[in-house]
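Enquirer: Could you have a look at this structure, given as structure tokens, before my questions?
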Number of protein chains: 2
Amino acid sequence: MSVQDAKLIHQQCADCPIRHRAVCARCEADELDRLEQAKYYRSFEAGQTVVWSGDRMDWVGSVVSGIATLTQTLEDGRRQMVGLLLPSDFVGRPGRATAAYDVTATTDLVMCCFRKRPFEDILASTPHIAQRLLEMTLDELDAAREWMLLLGRKTAREKIASLIAIIARRDASLKLRRAAAAVSFDLPLTREAMADYLGLTLETVSRQMSALKRDGVIELVGKRGVLIPDFDRLVEEAGDDSDGGFLV
Amino acid sequence: MSVQDAKLIHQQCADCPIRHRAVCARCEADELDRLEQAKYYRSFEAGQTVVWSGDRMDWVGSVVSGIATLTQTLEDGRRQMVGLLLPSDFVGRPGRATAAYDVTATTDLVMCCFRKRPFEDILASTPHIAQRLLEMTLDELDAAREWMLLLGRKTAREKIASLIAIIARRDASLKLRRAAAAVSFDLPLTREAMADYLGLTLETVSRQMSALKRDGVIELVGKRGVLIPDFDRLVEEAGDDSDGGFLV
DNA sequence: CCGGATTCTTGATCTGCGTCAAGGTCTCCA
DNA sequence: TGGAGACCTTGACGCAGATCAAGAATCCGG
């Protein structure tokens, strides 16, 4: 997808906190212009690193198209993914100079960015954006906490089922919603990335995928394709308490 | 500690987002009064449940004194703690009607509460509070992500060392700070609560505490008391990448 | 359509932590 | 001060998932 196409999508995206014109109906015209001037787009190829943890990061932004991940690494190389960024998700923290996590594009990626200083000014002067950002941050916090339950207490099989359910839910968010029909989609993550997300090894991920396939919970088409014949069955395997909620 | 004492502390607490008079220098007097009227204090005994997950929750609040925990539970009883609430920490989510987690007092606890509706009005009309809340929520999100790394990738020993380091850091936050002197304090959590926090069993927690003691990393005085002869050594055992950061 | 690189699957074996079980210790209250 | 109950420690054993090691499927450029 080209940056131009992505910008077009961006115009239509209702959730992105950075789409200022839509968010803020009350702002002064010159304020709007200031904001639009500060805005710029950046694109990355699949696999590229957007920023490394600890790097200076003088911008904030949101994902326009594609998928990115946030990961932390221990010095001996153990890696844990701590966030999955989808279109409209926000990256960067007002009031912090350096990146706290590695940000990596797992697919081709387009982001909409602001230099941090102007953005902070805007944040201070237009309450809507701070409030919208607060809401989004609270959602992320809920997602992170749901994920803590997964990491701390679920079995490998439950973890895999949870991840597939989560991806299915929002990949197919419109189609699905309790439609009993089978759902299919492509996993946007390698086995290794799944392992990093779930706190498992790549081998265990593969084994449990195979097990779920053997038990008829999912079907695999090629490497990345997944078909879910019975979504409720999958959710059951995920062992979710709160009906699965809506992670990320 | 009595509610009166706690209120007194509350007056002095600079971090609490709810201490409106201190936070907002620009508000109108009648707005202040409206806020102060809506405010009330509640106290709980150690072990009491503040709210159950799923319960209607028509208030928000912040901890004045004592410690509370947020936990999630799978239907078969597996429990994971997802938050530790210390004085000044905020509970409840503007724009949500029911509690998402069990909130439990682990020590005697005093909270400062607002009915949700008035609080939301105030939030909408006074940007400072939304911004302060955003900042706090971002901090919590960082803490949650650090915790995801711990849950997903650290060994039992590293988990214990991390938890002790975290508690030490902010329990002794003033005294410590690279002071080479030994630090000692009381754990505010039972072994079971520690296990729920770390995604371990109570037995494993106990075993690893003993192991750390045997290896001279910590000393135990009574059940709850901990003494850390060499803080850097402890941090090393925690395996932390980013110098341990500052969790919660 | 071929060959190399990546990514994924599967098997064998090992091990850290969970589980089950039996005491021991601290605390609190009479 | 002593006894009951909550809380903690330690041991023996088993198993889920990690680790080590081959292959097999898929992708991709030539």
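Residue numbers start at 1 in each chain; chains themselves are named A, B, ... in the order of the structure tokens; ligands are numbered from 1 in the order shown.
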Using only C-alpha atoms (C1' of nucleotides), tabulate the residues of chain C lying at most 8 Å from any atom of chain B, each with its closest atom pair and that distance in Å to one decimal, by chain and increasing residue number, as CSV.

Expert:
residue,atom,partner,partner_atom,distance
C:DC17,C1',B:Thr204,CA,7.2
C:DG18,C1',B:Thr201,CA,7.3
C:DC26,C1',B:Lys223,CA,7.3

Enquirer: Identify, on the basis of only C-alpha atoms (C1' of nucleotides), every residue whose closest approach to DT15 (chain C) does not exceed 12 Å; exclude the query and any residue fewer than 5 positions from it along the same chain; express the result as a ChimeraX atom specification.

Expert: /D:14-19

Enquirer: Let's see if you can do this: from backbone DSSP, list all strand (DSSP E or B) residues in region 78-237 of chain A, as a PyMOL selection string.

Expert: chain A and resi 79-85+90-91+98+102-105+109-115+183-186+219-221+225-228

Enquirer: Please produce a file of those selected residues containing N, CA and C atoms, as an mmCIF file, in the first residue's frame.

Expert:
data_model
loop_
_atom_site.group_PDB
_atom_site.id
_atom_site.type_symbol
_atom_site.label_atom_id
_atom_site.label_comp_id
_atom_site.auth_asym_id
_atom_site.auth_seq_id
_atom_site.Cartn_x
_atom_site.Cartn_y
_atom_site.Cartn_z
ATOM 1 N N ARG A 79 13.052 -11.989 24.840
ATOM 2 C CA ARG A 79 12.232 -10.903 24.344
ATOM 3 C C ARG A 79 10.768 -11.078 24.731
ATOM 4 N N GLN A 80 10.127 -9.985 25.050
ATOM 5 C CA GLN A 80 8.695 -10.020 25.352
ATOM 6 C C GLN A 80 8.023 -8.882 24.616
ATOM 7 N N MET A 81 7.037 -9.250 23.809
ATOM 8 C CA MET A 81 6.253 -8.213 23.157
ATOM 9 C C MET A 81 5.288 -7.640 24.176
ATOM 10 N N VAL A 82 5.166 -6.324 24.206
ATOM 11 C CA VAL A 82 4.285 -5.702 25.199
ATOM 12 C C VAL A 82 3.181 -4.871 24.556
ATOM 13 N N GLY A 83 3.161 -4.845 23.246
ATOM 14 C CA GLY A 83 2.080 -4.120 22.589
ATOM 15 C C GLY A 83 2.009 -4.467 21.133
ATOM 16 N N LEU A 84 0.810 -4.455 20.604
ATOM 17 C CA LEU A 84 0.565 -4.712 19.195
ATOM 18 C C LEU A 84 -0.145 -3.467 18.691
ATOM 19 N N LEU A 85 0.472 -2.791 17.728
ATOM 20 C CA LEU A 85 -0.095 -1.527 17.272
ATOM 21 C C LEU A 85 -0.838 -1.695 15.960
ATOM 22 N N PHE A 90 -1.845 4.717 18.961
ATOM 23 C CA PHE A 90 -0.952 5.833 19.215
ATOM 24 C C PHE A 90 0.405 5.337 19.719
ATOM 25 N N VAL A 91 1.472 5.982 19.295
ATOM 26 C CA VAL A 91 2.817 5.625 19.759
ATOM 27 C C VAL A 91 3.503 6.843 20.320
ATOM 28 N N THR A 98 12.903 9.782 25.361
ATOM 29 C CA THR A 98 13.445 8.601 24.687
ATOM 30 C C THR A 98 12.417 7.483 24.623
ATOM 31 N N ASP A 102 11.393 -1.139 21.884
ATOM 32 C CA ASP A 102 11.668 -1.255 20.459
ATOM 33 C C ASP A 102 10.329 -1.233 19.722
ATOM 34 N N VAL A 103 10.263 -0.437 18.692
ATOM 35 C CA VAL A 103 9.066 -0.432 17.843
ATOM 36 C C VAL A 103 9.461 -0.999 16.484
ATOM 37 N N THR A 104 8.776 -2.045 16.058
ATOM 38 C CA THR A 104 9.129 -2.725 14.819
ATOM 39 C C THR A 104 7.912 -2.882 13.915
ATOM 40 N N ALA A 105 8.114 -2.663 12.630
ATOM 41 C CA ALA A 105 7.036 -2.906 11.669
ATOM 42 C C ALA A 105 7.000 -4.387 11.333
ATOM 43 N N LEU A 109 4.247 -0.523 6.724
ATOM 44 C CA LEU A 109 3.638 0.328 7.736
ATOM 45 C C LEU A 109 3.678 1.795 7.319
ATOM 46 N N VAL A 110 2.574 2.490 7.544
ATOM 47 C CA VAL A 110 2.587 3.941 7.368
ATOM 48 C C VAL A 110 2.143 4.585 8.662
ATOM 49 N N MET A 111 2.900 5.565 9.099
ATOM 50 C CA MET A 111 2.533 6.266 10.319
ATOM 51 C C MET A 111 2.332 7.752 10.057
ATOM 52 N N CYS A 112 1.486 8.324 10.881
ATOM 53 C CA CYS A 112 1.269 9.765 10.846
ATOM 54 C C CYS A 112 1.924 10.357 12.089
ATOM 55 N N CYS A 113 2.872 11.248 11.884
ATOM 56 C CA CYS A 113 3.683 11.719 13.007
ATOM 57 C C CYS A 113 3.589 13.234 13.235
ATOM 58 N N PHE A 114 3.911 13.617 14.452
ATOM 59 C CA PHE A 114 4.052 15.023 14.834
ATOM 60 C C PHE A 114 5.349 15.196 15.569
ATOM 61 N N ARG A 115 6.025 16.255 15.320
ATOM 62 C CA ARG A 115 7.127 16.572 16.197
ATOM 63 C C ARG A 115 6.552 16.775 17.594
ATOM 64 N N VAL A 183 -14.984 -18.234 10.206
ATOM 65 C CA VAL A 183 -14.192 -17.048 9.901
ATOM 66 C C VAL A 183 -12.818 -17.502 9.435
ATOM 67 N N SER A 184 -12.256 -16.807 8.484
ATOM 68 C CA SER A 184 -10.873 -17.119 8.128
ATOM 69 C C SER A 184 -10.111 -15.835 7.866
ATOM 70 N N PHE A 185 -8.829 -15.883 8.107
ATOM 71 C CA PHE A 185 -7.987 -14.702 7.966
ATOM 72 C C PHE A 185 -6.526 -15.141 7.976
ATOM 73 N N ASP A 186 -5.642 -14.207 7.709
ATOM 74 C CA ASP A 186 -4.214 -14.498 7.765
ATOM 75 C C ASP A 186 -3.618 -13.940 9.047
ATOM 76 N N GLU A 219 -8.445 -24.609 11.576
ATOM 77 C CA GLU A 219 -7.816 -25.244 10.421
ATOM 78 C C GLU A 219 -6.731 -24.304 9.924
ATOM 79 N N LEU A 220 -5.649 -24.908 9.410
ATOM 80 C CA LEU A 220 -4.556 -24.086 8.913
ATOM 81 C C LEU A 220 -4.523 -24.169 7.399
ATOM 82 N N VAL A 221 -4.462 -23.013 6.744
ATOM 83 C CA VAL A 221 -4.330 -23.049 5.294
ATOM 84 C C VAL A 221 -3.029 -22.339 4.941
ATOM 85 N N GLY A 225 -2.523 -18.762 7.035
ATOM 86 C CA GLY A 225 -3.985 -18.736 7.017
ATOM 87 C C GLY A 225 -4.590 -19.558 8.144
ATOM 88 N N VAL A 226 -5.629 -19.023 8.744
ATOM 89 C CA VAL A 226 -6.345 -19.733 9.800
ATOM 90 C C VAL A 226 -7.830 -19.679 9.499
ATOM 91 N N LEU A 227 -8.494 -20.796 9.705
ATOM 92 C CA LEU A 227 -9.945 -20.827 9.551
ATOM 93 C C LEU A 227 -10.557 -21.345 10.839
ATOM 94 N N ILE A 228 -11.556 -20.631 11.307
ATOM 95 C CA ILE A 228 -12.189 -20.990 12.580
ATOM 96 C C ILE A 228 -13.605 -21.468 12.313
#

Enquirer: Can you list, as an NGL selection string, every protein, DNA or RNA residue that comes within 10 Å of region 6-11 of chain C when you count only C-alpha atoms (C1' of nucleotides), leaving out same-chain residues fewer than 6 positions away?

Expert: (:A and (190-192 or 202-203 or 206-207 or 210 or 223)) or (:D and (21-28))

Enquirer: Mind dumping the selected residues with C-alpha atoms (C1' of nucleotides) as a PDB file, in the first residue's frame?

Expert:
ATOM      1  CA  THR A 190       5.336 -15.125  12.467  1.00  0.00           C
ATOM      2  CA  ARG A 191       5.441 -18.007  14.914  1.00  0.00           C
ATOM      3  CA  GLU A 192       8.366 -16.308  16.558  1.00  0.00           C
ATOM      4  CA  LEU A 202       8.446 -20.789  18.840  1.00  0.00           C
ATOM      5  CA  GLU A 203       8.355 -24.589  19.042  1.00  0.00           C
ATOM      6  CA  SER A 206       3.909 -24.518  16.566  1.00  0.00           C
ATOM      7  CA  ARG A 207       3.040 -27.597  18.581  1.00  0.00           C
ATOM      8  CA  SER A 210      -0.920 -28.307  15.478  1.00  0.00           C
ATOM      9  CA  LYS A 223       1.503 -21.159   6.909  1.00  0.00           C
TER      10      LYS A 223
ATOM     11  C1'  DA D  21      18.211 -31.360  16.782  1.00  0.00           C
ATOM     12  C1'  DA D  22      16.505 -32.853  12.362  1.00  0.00           C
ATOM     13  C1'  DG D  23      13.782 -32.396   8.608  1.00  0.00           C
ATOM     14  C1'  DA D  24       9.700 -30.393   5.617  1.00  0.00           C
ATOM     15  C1'  DA D  25       6.966 -26.801   3.585  1.00  0.00           C
ATOM     16  C1'  DT D  26       6.832 -22.341   1.577  1.00  0.00           C
ATOM     17  C1'  DC D  27       8.667 -18.360  -0.572  1.00  0.00           C
ATOM     18  C1'  DC D  28      11.335 -15.965  -3.883  1.00  0.00           C
TER      19       DC D  28
END

Enquirer: Have a look at CA of Asp58 (chain A) and CA of Glu120 (chain A) and let me know their distance in Å, one decimal.

Expert: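 CA of Glu120 (chain A) lies at a distance of 11.0 Å from CA of Asp58 (chain A).
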
Enquirer: Do a neighbour search on Arg153 (chain A) at 7 Å with only C-alpha atoms (C1' of nucleotides), toss out local chain neighbours closer than 4 positions, and write the hits as a VMD selection string.

Expert: (chain A and resid 149) or (chain B and resid 78 80 199)

Enquirer: Using only C-alpha atoms (C1' of nucleotides), can you tell me which of D:DG3, D:DG30, D:DC20, D:DA12 comes closest to chain A?

Expert: D:DC20

Enquirer: Could you make a table, as CSV, of the residues of chain B that have an atom within 7 Å of an atom of chain A, each with its nearest atom pair and distance in Å to one decimal, counting only C-alpha atoms, in chain and number order?

Expert:
residue,atom,partner,partner_atom,distance
B:Gln72,CA,A:Leu149,CA,6.9
B:Leu74,CA,A:Asp241,CA,5.0
B:Glu75,CA,A:Asp241,CA,5.8
B:Arg78,CA,A:Arg153,CA,6.6
B:Gln80,CA,A:Leu149,CA,5.5
B:Val82,CA,A:Arg145,CA,5.6
B:Pro127,CA,A:Pro127,CA,5.7
B:Ala130,CA,A:Gln131,CA,6.3
B:Gln131,CA,A:Ala130,CA,6.3
B:Leu134,CA,A:Leu134,CA,5.0
B:Thr137,CA,A:Thr137,CA,6.7
B:Leu138,CA,A:Thr137,CA,6.7
B:Leu141,CA,A:Leu141,CA,5.4
B:Ala144,CA,A:Ala144,CA,6.3
B:Arg145,CA,A:Val82,CA,5.6
B:Met148,CA,A:Met148,CA,5.8
B:Leu149,CA,A:Gln80,CA,5.4
B:Leu151,CA,A:Gly152,CA,5.5
B:Gly152,CA,A:Gly199,CA,4.3
B:Arg153,CA,A:Gly199,CA,6.0
B:Gly199,CA,A:Gly152,CA,4.3
B:Asp240,CA,A:Leu74,CA,6.7
B:Asp241,CA,A:Leu74,CA,5.0

Enquirer: Using the chain letters and numbers from this document, which residues of region 75-181 of chain A does DSSP assign to alpha helix (DSSP H), as a PyMOL selection string?

Expert: chain A and resi 116-125+127-153+156-171

Enquirer: Select from chain D every residue with an atom at most 10 Å from any atom of chain B, then for each give the shortest pair of atoms and their distance in Å to one decimal, using only C-alpha atoms (C1' of nucleotides), rows by chain and rising number, as CSV.

Expert:
residue,atom,partner,partner_atom,distance
D:DC7,C1',B:Thr190,CA,8.0
D:DC8,C1',B:Ser206,CA,7.4
D:DT9,C1',B:Ser206,CA,6.8
D:DT10,C1',B:Arg207,CA,8.1

Enquirer: Would you work out the distance separating CA of Val217 (chain B) from CA of Ile67 (chain B), expressed in Å to one decimal?

Expert: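 Here the two named atoms are 26.0 Å from each other.
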
Enquirer: One decimal, in Å: what's the spacing between CA of Asp108 (chain B) and CA of Val3 (chain B)?

Expert: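 Atom-to-atom, CA of Asp108 (chain B) to CA of Val3 (chain B), that is 10.3 Å.
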
Enquirer: Using only C-alpha atoms (C1' of nucleotides), which protein or nucleic acid residues come within 9 Å of Ser162 (chain B)? Drop anything in the same chain fewer than 5 positions from it, and give the result as a ChimeraX atom specification.

Expert: /B:150,157,167,234-235,237-240,244

Enquirer: Write the residues you've just listed into a file as a PDB file, in the first residue's frame, and include N, CA, C and O atoms for each of them.

Expert:
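Final output, part.pdb:
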ATOM      1  N   LEU B 150       8.211  -9.296  32.953  1.00  0.00           N
ATOM      2  CA  LEU B 150       8.463 -10.151  34.107  1.00  0.00           C
ATOM      3  C   LEU B 150       7.663 -11.454  34.022  1.00  0.00           C
ATOM      4  O   LEU B 150       8.204 -12.545  34.188  1.00  0.00           O
ATOM      5  N   ARG B 157      13.179 -16.978  40.326  1.00  0.00           N
ATOM      6  CA  ARG B 157      14.125 -16.240  41.157  1.00  0.00           C
ATOM      7  C   ARG B 157      14.167 -14.769  40.752  1.00  0.00           C
ATOM      8  O   ARG B 157      14.151 -13.871  41.599  1.00  0.00           O
ATOM      9  N   ILE B 167       9.402  -3.082  45.598  1.00  0.00           N
ATOM     10  CA  ILE B 167       8.822  -2.647  46.864  1.00  0.00           C
ATOM     11  C   ILE B 167       9.836  -1.830  47.659  1.00  0.00           C
ATOM     12  O   ILE B 167       9.517  -0.783  48.210  1.00  0.00           O
ATOM     13  N   LEU B 234      20.914  -7.230  44.469  1.00  0.00           N
ATOM     14  CA  LEU B 234      19.515  -7.620  44.281  1.00  0.00           C
ATOM     15  C   LEU B 234      19.041  -7.281  42.871  1.00  0.00           C
ATOM     16  O   LEU B 234      18.407  -8.096  42.195  1.00  0.00           O
ATOM     17  N   VAL B 235      19.374  -6.076  42.436  1.00  0.00           N
ATOM     18  CA  VAL B 235      18.966  -5.637  41.097  1.00  0.00           C
ATOM     19  C   VAL B 235      19.559  -6.555  40.034  1.00  0.00           C
ATOM     20  O   VAL B 235      18.915  -6.906  39.052  1.00  0.00           O
ATOM     21  N   GLU B 237      20.236  -9.697  40.443  1.00  0.00           N
ATOM     22  CA  GLU B 237      19.467 -10.933  40.472  1.00  0.00           C
ATOM     23  C   GLU B 237      18.125 -10.777  39.754  1.00  0.00           C
ATOM     24  O   GLU B 237      17.570 -11.735  39.241  1.00  0.00           O
ATOM     25  N   ALA B 238      17.625  -9.550  39.739  1.00  0.00           N
ATOM     26  CA  ALA B 238      16.320  -9.310  39.094  1.00  0.00           C
ATOM     27  C   ALA B 238      16.433  -9.388  37.582  1.00  0.00           C
ATOM     28  O   ALA B 238      15.431  -9.475  36.885  1.00  0.00           O
ATOM     29  N   GLY B 239      17.680  -9.368  37.096  1.00  0.00           N
ATOM     30  CA  GLY B 239      17.898  -9.518  35.655  1.00  0.00           C
ATOM     31  C   GLY B 239      17.362  -8.366  34.845  1.00  0.00           C
ATOM     32  O   GLY B 239      17.105  -8.513  33.655  1.00  0.00           O
ATOM     33  N   ASP B 240      17.197  -7.218  35.480  1.00  0.00           N
ATOM     34  CA  ASP B 240      16.560  -6.131  34.771  1.00  0.00           C
ATOM     35  C   ASP B 240      17.468  -5.544  33.713  1.00  0.00           C
ATOM     36  O   ASP B 240      18.663  -5.368  33.912  1.00  0.00           O
ATOM     37  N   GLY B 244      16.084  -1.511  35.986  1.00  0.00           N
ATOM     38  CA  GLY B 244      14.992  -1.677  36.931  1.00  0.00           C
ATOM     39  C   GLY B 244      13.882  -0.670  36.801  1.00  0.00           C
ATOM     40  O   GLY B 244      12.785  -0.900  37.252  1.00  0.00           O
TER      41      GLY B 244
END
